[in-house]
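Structure first, commentary second.
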Amino acid sequence: MAMHNIASLAGAVLAWIAVCAGGIYVLIRRPWWFSNSLGFALGAFPLAKLPGLGVPIVLALTAAVFLTALMRRPHFDRVLPIEIAIVALIGISAFSVPANITGLIDLRLFLQWAAATSITVIMLRVSRHRLHQCGRWFVGGAAVGATVGLLQMSSALPVSVIRVFGFLGYPTDIFASGIHAAGGGHDLYRLTGPYGHPNAAALLLLVALLIAVITYTGWARAGLVLFLLAATGLTLSRAIGLSLVAAAIVLIVFQRQGRTARLAITGTFVAGVAAALLVPSVQARILGSFTSNDVGSSARWQALAEYPQVMQGHWIFGVGWGRKQFWDTTTSYLTNYVANAPLVATYRGGILVGIAFCVVLAFALVISYRGIRSGQWDSAILGAGYIGFILVGAQLDHPVVTHPVGASVFALLLAFVADLGRRLEDSPAPVTPGSDEHAHDQAWDATSHTR
C-alpha cells in the first residue's frame, strides 16, 4: 500500500512538472494559446477547477494571459478611456476591502473579481486578430456548453461526459437534477448545462451570441446565432429575454439603415416573439410573470424598497466583500438583497465603487450607440445588444458583479465593445441608404482627399 501511494504521488508530481514545462513553452512560443484556451474554457466549462489543486481553470488561464501581456509589447500603444475607468474601478474597490474585512474570504473574492474584471484591459493589449480568435473559441465553447445543456434537458447526456466534468471539479450531482421555474401552474425545465444556474447560462449565451456576430461570417455566423438564440430562450431567463427585446427596439429606433431595413428588422422581431410564445414553457414563464404567484418579482420590488434602509451606515465602504450571500448559494437564495448590478456594486463596496462601475458602463454605452449609428450591421447588433442588457438585464440581476464567471464574461463583452470604439475611430463610417445628405458629402470629401 505504501509503495502504491508513493508511486501515485510520484506520478502526480511528474504530471505537474510536464504541465508546467508545457506552460512555459506556450508562454514563450505560443502565448495566444492561453487566450484561446481562456475563451473556450469560459464558454464550455466555466466552473471547472484544476485537478488536484482546486484552482478555477478560468482564473489560472486569466493569470497566464496576464503574464503573456506583461512579457510582450502591447499591440496597441494608445490607452482607451474605458481602460482607465476599469483600472480606476479596481483601485477604488481595493480601498473598500479593508474597511469591512472579516477574513481571507474577503481578499479571495476581491482578487477573483479583480482578475475577472481585468480581462477587458488584458485583451485590449493584444491585436484585433487575437481578440477575435479568442472570441471565436469562446463562441465555440458556448456552443458546446449549450449542447451539454440540451442533452441534459432531454436526459440524453452520456455518462462519459459527466465523468469528464467530474474530473474537472464539477459536483457529481450537477447534471443529475435540473432547475425548474414556476409558470402557468407548472414546473418548467430550464436549460442549465455546465453553468450552474439558468440565469448564468442565459448571460453567457447572450454574450456568445453577440460575439458570434462580430467574429464569424456567412453560414457559420447564421447557424451559431440561431442555435445560441434558441438555447438562450430555453434558459427561460426573463432578464435576458427582455434584454433581447430592448436590444431589438434600440436597433430599430437608432440604426441608420433605410425604411426597408427597419421594416425587415421589425418583421423579424415580431416573428421571433410570436415563435417564442408558441413554445409552451416560454409562454407559461412569461404569463406567470404577471401573476401574484411570481415570488421573484415581488421579492425584487421589496428589496428595492428596503435598499436605502439597508445601506444606512454603509454608504461609504459598503457591507463588505466577504458576506456569505456573495459566495454561498443557499444563503444567496435565502437573502433578499437588491437584484441590480450598479446597486449591488454600491451595496458591496460603497458609493464610490458604484459610481466608478457606472462610469465604466457609461463609456461602453457611448461606444455602443456610435456602433449602432455606424451603418455597419455587426457593429449595430453588438451595440444594441450591450445597450439592451444594460437597460434591462443589469437592472434585474447581478452576476456581472458578484459572480467571477459572470464578471469574466461581461469583461470579455466590454473588450469587444471597446475594440468596436477603436475600430470606429480608425476607419470612417460607410455611407448607407439611410445616411443624410451632409454625411454623404463628408464621406465623399474624405474619399477624394485620399486619392
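Chain labels run A, B, ... following the order of the C-alpha cells; each chain numbers its residues from 1, and ligands are numbered from 1 in the order shown.
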Within 12 Å of stretch 147-156 of chain A, which residues of stretch 26-126 of chain A come that close, and what is the closest atom pair and distance in Å for each? Count only C-alpha atoms and give it as CSV.
residue,atom,partner,partner_atom,distance
A:Gly43,CA,A:Thr147,CA,11.5
A:Ala44,CA,A:Val148,CA,8.9
A:Phe45,CA,A:Val148,CA,10.2
> Neighbours of A:Gln255 within 8 Å (only C-alpha atoms; same-chain residues fewer than 5 positions away dropped), as a count of residues only?
Replying inline: 6
>> Need to verify the contact set: stretch 333-345 of chain A, 9 Å, only C-alpha atoms, exclusion of same-chain residues closer than 4 positions in sequence. Can you return it as a ChimeraX atom specification?
In response: /A:299-307,310,318,325,328-329,349-351,353-355,357-358,393-402
Neighbour list for stretch 71-84 of chain A as an mmCIF file with N, CA and C atoms, in the first residue's frame, cut-off 8 Å, only C-alpha atoms, skip fewer than 4 positions in-chain:
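Written file, selection.cif:
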data_model
loop_
_atom_site.group_PDB
_atom_site.id
_atom_site.type_symbol
_atom_site.label_atom_id
_atom_site.label_comp_id
_atom_site.auth_asym_id
_atom_site.auth_seq_id
_atom_site.Cartn_x
_atom_site.Cartn_y
_atom_site.Cartn_z
ATOM 1 N N LEU A 67 0.271 37.276 -17.681
ATOM 2 C CA LEU A 67 1.728 37.137 -17.755
ATOM 3 C C LEU A 67 2.229 37.346 -19.185
ATOM 4 N N ALA A 88 -9.396 52.307 -12.652
ATOM 5 C CA ALA A 88 -9.848 53.126 -11.521
ATOM 6 C C ALA A 88 -10.881 52.382 -10.691
ATOM 7 N N THR A 120 -10.834 42.680 -19.607
ATOM 8 C CA THR A 120 -11.047 43.720 -20.627
ATOM 9 C C THR A 120 -9.737 44.401 -20.992
ATOM 10 N N VAL A 121 -9.003 44.858 -19.988
ATOM 11 C CA VAL A 121 -7.748 45.576 -20.228
ATOM 12 C C VAL A 121 -6.718 44.651 -20.872
ATOM 13 N N LEU A 124 -7.468 43.976 -24.562
ATOM 14 C CA LEU A 124 -7.294 45.148 -25.410
ATOM 15 C C LEU A 124 -5.827 45.442 -25.711
ATOM 16 N N ARG A 125 -4.914 44.717 -25.072
ATOM 17 C CA ARG A 125 -3.474 44.882 -25.343
ATOM 18 C C ARG A 125 -3.016 44.013 -26.505
ATOM 19 N N VAL A 126 -3.813 43.020 -26.894
ATOM 20 C CA VAL A 126 -3.424 42.135 -27.990
ATOM 21 C C VAL A 126 -3.997 42.669 -29.294
ATOM 22 N N SER A 127 -3.603 42.068 -30.386
ATOM 23 C CA SER A 127 -4.086 42.517 -31.687
ATOM 24 C C SER A 127 -5.563 42.170 -31.857
ATOM 25 N N VAL A 360 -17.839 53.090 -16.021
ATOM 26 C CA VAL A 360 -17.437 52.073 -16.997
ATOM 27 C C VAL A 360 -18.601 51.741 -17.924
ATOM 28 N N PHE A 363 -19.196 54.651 -20.461
ATOM 29 C CA PHE A 363 -18.250 54.673 -21.581
ATOM 30 C C PHE A 363 -18.660 53.660 -22.646
ATOM 31 N N ALA A 364 -19.011 52.462 -22.208
ATOM 32 C CA ALA A 364 -19.403 51.417 -23.160
ATOM 33 C C ALA A 364 -20.733 51.743 -23.828
ATOM 34 N N ALA A 418 -15.215 47.899 -26.464
ATOM 35 C CA ALA A 418 -14.133 48.884 -26.509
ATOM 36 C C ALA A 418 -13.373 48.806 -27.827
#
> Can you list, as a PyMOL selection string, every residue of stretch 88-337 of chain A that DSSP puts in alpha helix (DSSP H)?
Replying inline: chain A and resi 88-96+104-117+119-123+128-153+159-167+198-215+218-234+238-254+259-278+280-287+295-310+329-334
> If you run DSSP on the backbone, which residues of stretch 17-246 of chain A are strand (DSSP E or B), as a ChimeraX atom specification?
Replying inline: /A:49,56,179-183,186-190
Store the residues picked out above in a file with C-alpha atoms, as a compact mmCIF listing (two decimals), in the first residue's frame.
# COMPACT_ATOMS: atom_id res chain seq x y z
CA LYS A 49 -11.07 23.57 -11.48
CA PRO A 56 -10.55 27.64 -11.07
CA ILE A 179 -33.54 23.66 -12.23
CA HIS A 180 -37.21 24.42 -12.63
CA ALA A 181 -39.28 27.56 -12.54
CA ALA A 182 -42.94 28.02 -11.75
CA GLY A 183 -45.15 29.27 -14.54
CA HIS A 186 -46.49 24.01 -13.91
CA ASP A 187 -42.82 23.38 -13.17
CA LEU A 188 -40.80 24.47 -16.20
CA TYR A 189 -37.48 22.80 -17.01
CA ARG A 190 -34.77 25.39 -17.74
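Distance check against A:Met123 using only C-alpha atoms: of A:Leu382, A:Ala69, A:Ala201, A:Ile57, the minimum falls on A:Ala69.
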> Quick one: residues within 12 Å of A:Pro171, only C-alpha atoms counted, chain neighbours fewer than 3 positions away excluded, as a ChimeraX atom specification?
Replying inline: /A:47-49,162-168,174-177,194-196
> So, counting only C-alpha atoms, which residue among A:Gly371, A:Gly91, A:Gly322, A:Gly388 is closest to A:Gly103?
Replying inline: A:Gly322
> Mind pulling up the distance from atom CA of A:Arg130 to atom CA of A:Asp426?
Replying inline: 17.8 Å
>> As an exercise, work out the distance from atom CA of A:Gln376 to atom CA of A:Arg256 in Å and give it to one decimal place.
In response: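 Rounded to one decimal, the two atoms are 8.9 Å apart.
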